[in-house]
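Listing of structure01.cif; format and content: mmCIF, C-alpha atoms.
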```cif
data_coords
#
loop_
_atom_site.label_atom_id
_atom_site.label_comp_id
_atom_site.auth_asym_id
_atom_site.auth_seq_id
_atom_site.Cartn_x
_atom_site.Cartn_y
_atom_site.Cartn_z
CA MET A 1 -20.96 7.03 -12.11
CA LYS A 2 -21.62 9.42 -9.24
CA ILE A 3 -23.32 7.76 -6.24
CA THR A 4 -23.16 10.63 -3.73
CA ALA A 5 -22.11 14.26 -3.95
CA ASN A 6 -18.41 13.40 -3.59
CA PHE A 7 -18.02 9.70 -4.39
CA ASN A 8 -18.05 7.77 -7.66
CA ARG A 9 -18.76 4.07 -8.06
CA GLU A 10 -15.25 3.56 -9.51
CA GLU A 11 -13.66 4.49 -6.18
CA PHE A 12 -15.33 1.45 -4.58
CA GLU A 13 -14.57 -1.10 -7.34
CA CYS A 14 -12.36 -4.12 -6.71
CA SER A 15 -8.70 -3.58 -7.57
CA ASP A 16 -8.65 -6.77 -9.67
CA GLY A 17 -11.25 -5.40 -12.09
CA SER A 18 -13.91 -7.98 -11.27
CA GLU A 19 -17.52 -6.90 -11.62
CA MET A 20 -19.37 -5.71 -8.53
CA PRO A 21 -22.62 -7.64 -7.91
CA LEU A 22 -25.81 -5.55 -7.65
CA GLU A 23 -26.44 -6.51 -4.01
CA VAL A 24 -22.92 -5.32 -3.21
CA PHE A 25 -23.53 -2.02 -4.99
CA ASN A 26 -26.56 -1.38 -2.78
CA ASN A 27 -24.28 -1.68 0.26
CA ILE A 28 -21.71 0.59 -1.39
CA ILE A 29 -24.33 3.33 -1.67
CA GLU A 30 -24.99 3.14 2.08
CA LEU A 31 -21.26 3.05 2.81
CA ALA A 32 -20.65 6.11 0.61
CA GLU A 33 -23.43 8.01 2.38
CA ASN A 34 -21.72 7.34 5.71
CA LEU A 35 -18.33 8.36 4.34
CA GLU A 36 -19.87 11.67 3.27
CA VAL A 37 -20.36 12.37 6.99
CA VAL A 38 -16.63 11.88 7.65
CA ARG A 39 -15.78 14.09 4.68
CA ALA A 40 -18.07 16.85 5.96
CA HIS A 41 -16.64 16.54 9.48
CA PHE A 42 -13.10 17.19 8.26
CA GLY A 43 -14.02 19.39 5.30
CA ALA A 44 -11.57 17.35 3.25
CA PRO A 45 -11.69 14.62 0.61
CA VAL A 46 -11.67 10.98 1.67
CA THR A 47 -9.38 8.69 -0.33
CA ILE A 48 -10.51 5.08 -0.56
CA ASN A 49 -7.62 2.61 -0.61
CA SER A 50 -9.83 -0.48 -0.70
CA ALA A 51 -13.59 -1.04 -0.69
CA TYR A 52 -15.33 -3.92 -2.49
CA ARG A 53 -13.17 -7.02 -2.85
CA SER A 54 -14.04 -10.07 -4.91
CA PRO A 55 -13.55 -13.36 -3.06
CA VAL A 56 -10.55 -14.18 -5.29
CA TYR A 57 -8.88 -10.82 -4.70
CA ASN A 58 -9.61 -10.95 -0.97
CA ARG A 59 -7.80 -14.32 -0.75
CA GLN A 60 -4.89 -13.03 -2.86
CA ILE A 61 -4.21 -10.16 -0.48
CA GLY A 62 -4.67 -12.25 2.67
CA GLY A 63 -8.02 -10.80 3.70
CA VAL A 64 -10.06 -12.73 6.24
CA PRO A 65 -12.82 -14.94 4.78
CA THR A 66 -15.47 -12.97 6.73
CA SER A 67 -14.24 -9.55 5.54
CA GLN A 68 -16.90 -6.85 5.29
CA HIS A 69 -15.17 -5.78 2.05
CA LEU A 70 -16.66 -8.87 0.34
CA GLY A 71 -20.17 -7.48 0.74
CA GLY A 72 -19.27 -3.90 -0.13
CA LYS A 73 -19.77 -2.84 3.46
CA ALA A 74 -16.21 -1.65 4.21
CA ALA A 75 -13.66 0.88 3.10
CA ASP A 76 -10.07 1.51 4.10
CA ILE A 77 -9.67 5.27 3.98
CA VAL A 78 -7.15 8.09 4.26
CA ILE A 79 -7.69 11.82 4.67
CA SER A 80 -4.76 13.96 3.65
CA GLU A 81 -3.00 15.65 6.57
CA VAL A 82 -5.17 13.84 9.14
CA THR A 83 -3.66 10.92 11.05
CA PRO A 84 -5.44 7.56 10.80
CA SER A 85 -5.88 7.71 14.57
CA ASP A 86 -7.67 11.07 14.33
CA VAL A 87 -9.89 9.70 11.54
CA ALA A 88 -10.80 6.69 13.71
CA ASP A 89 -11.50 8.94 16.72
CA ALA A 90 -13.78 11.12 14.58
CA ILE A 91 -15.67 8.10 13.25
CA GLU A 92 -16.12 6.83 16.82
CA PHE A 93 -17.55 10.23 17.79
CA LEU A 94 -19.81 10.44 14.73
CA ILE A 95 -21.19 6.96 15.47
CA GLU A 96 -21.70 7.88 19.14
CA VAL A 97 -23.75 10.97 18.26
CA GLY A 98 -25.80 9.07 15.70
CA LEU A 99 -24.49 10.65 12.52
CA MET A 100 -22.87 7.46 11.19
CA LYS A 101 -23.98 3.85 11.27
CA GLU A 102 -22.53 1.60 13.94
CA GLY A 103 -20.01 -0.83 12.56
CA GLY A 104 -16.37 -1.72 12.51
CA VAL A 105 -13.56 0.74 13.11
CA GLY A 106 -10.08 -0.60 12.59
CA ARG A 107 -6.95 1.32 13.40
CA TYR A 108 -3.85 0.83 11.24
CA ASP A 109 -0.62 2.80 10.86
CA THR A 110 -1.41 4.15 7.38
CA PHE A 111 -5.22 4.01 7.06
CA THR A 112 -8.51 3.64 8.92
CA HIS A 113 -11.01 0.85 8.28
CA TYR A 114 -14.72 1.65 8.57
CA ASP A 115 -17.61 -0.70 7.89
CA ILE A 116 -21.38 -0.62 8.15
CA ARG A 117 -21.95 -4.10 9.61
CA GLY A 118 -24.54 -2.69 12.05
CA THR A 119 -22.86 -3.96 15.21
CA LYS A 120 -19.90 -2.57 17.12
CA ALA A 121 -16.48 -4.02 16.27
CA ARG A 122 -13.17 -2.38 17.14
CA TRP A 123 -9.53 -3.38 16.63
CA ASP A 124 -6.13 -1.72 16.71
CA TYR A 125 -3.27 -3.00 14.56
CA THR A 126 -1.08 0.07 14.96
CA THR A 127 2.55 -0.46 15.87
#
```
Exercise: express the given structure as structure tokens:
Amino acid sequence: MKITANFNREEFECSDGSEMPLEVFNNIIELAENLEVVRAHFGAPVTINSAYRSPVYNRQIGGVPTSQHLGGKAADIVISEVTPSDVADAIEFLIEVGLMKEGGVGRYDTFTHYDIRGTKARWDYTT
């Protein structure tokens, strides 16, 4: 099911196959709309490694109990041929100029975390 011009609901589903609650799906729509801004900025597809996580799956993979993924407000993303650091820098810029919602930006070696929590949160787990 297409939810924005370039994202399908399936891309945001939990990896364990559990059903996404309706209130989570409403957040996913807002998240996808913000990810469209990143896609347009780079002119390249955004690959979602992880978005919605059920509580069981989140525990299995060692996610924090307060993870934004639980509410469908977060995605761990990759853009081909763009470093995760450059993706994070672009998201920071797009938030600063008001094109994306303020939220969490997490820097990792192989992906970038973005969430729509509504308040500023930043962390860097790169090596």
Shell of 6 Å around region 47-50 of chain A, all atoms listed in the file, local chain residues under 2 positions omitted, as number ranges by chain:
A: 75-78
Can you spell out as a PDB file with C-alpha atoms, in the frame of the given file the set of residues that the PyMOL selection byres ((chain A and resi 25) around 10) selects in the structure I just provided?
```pdb
ATOM      1  CA  ILE A   3     -23.320   7.760  -6.240  1.00  0.00           C
ATOM      2  CA  ARG A   9     -18.760   4.070  -8.060  1.00  0.00           C
ATOM      3  CA  PHE A  12     -15.330   1.450  -4.580  1.00  0.00           C
ATOM      4  CA  GLU A  13     -14.570  -1.100  -7.340  1.00  0.00           C
ATOM      5  CA  MET A  20     -19.370  -5.710  -8.530  1.00  0.00           C
ATOM      6  CA  PRO A  21     -22.620  -7.640  -7.910  1.00  0.00           C
ATOM      7  CA  LEU A  22     -25.810  -5.550  -7.650  1.00  0.00           C
ATOM      8  CA  GLU A  23     -26.440  -6.510  -4.010  1.00  0.00           C
ATOM      9  CA  VAL A  24     -22.920  -5.320  -3.210  1.00  0.00           C
ATOM     10  CA  ASN A  26     -26.560  -1.380  -2.780  1.00  0.00           C
ATOM     11  CA  ASN A  27     -24.280  -1.680   0.260  1.00  0.00           C
ATOM     12  CA  ILE A  28     -21.710   0.590  -1.390  1.00  0.00           C
ATOM     13  CA  ILE A  29     -24.330   3.330  -1.670  1.00  0.00           C
ATOM     14  CA  GLU A  30     -24.990   3.140   2.080  1.00  0.00           C
ATOM     15  CA  LEU A  31     -21.260   3.050   2.810  1.00  0.00           C
ATOM     16  CA  TYR A  52     -15.330  -3.920  -2.490  1.00  0.00           C
ATOM     17  CA  GLY A  71     -20.170  -7.480   0.740  1.00  0.00           C
ATOM     18  CA  GLY A  72     -19.270  -3.900  -0.130  1.00  0.00           C
ATOM     19  CA  LYS A  73     -19.770  -2.840   3.460  1.00  0.00           C
TER      20      LYS A  73
END
```
Atomic separation - CA of Glu92 (chain A) relative to CA of Gly106 (chain A), Å:
10.5 Å
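Applied to this file, the PyMOL selection byres ((chain A and resi 86) around 12) selects Val38, His41, Phe42, Val78, Ile79, Ser80, Glu81, Val82, Thr83, Pro84, Ser85, Val87, Ala88, Asp89, Ala90, Ile91, Glu92, Phe93, Val105, Arg107, Tyr108, Asp109, Thr110, Phe111 and Thr112 of chain A.
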In Å, how far is it from CA of Ile95 (chain A) to CA of Gly118 (chain A)?
10.8 Å
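With distances restricted to all atoms listed in the file, A:Asp16 is the closest residue to Val56 (chain A) from A:Glu33, A:Glu11, A:Asp124, A:Asp16.
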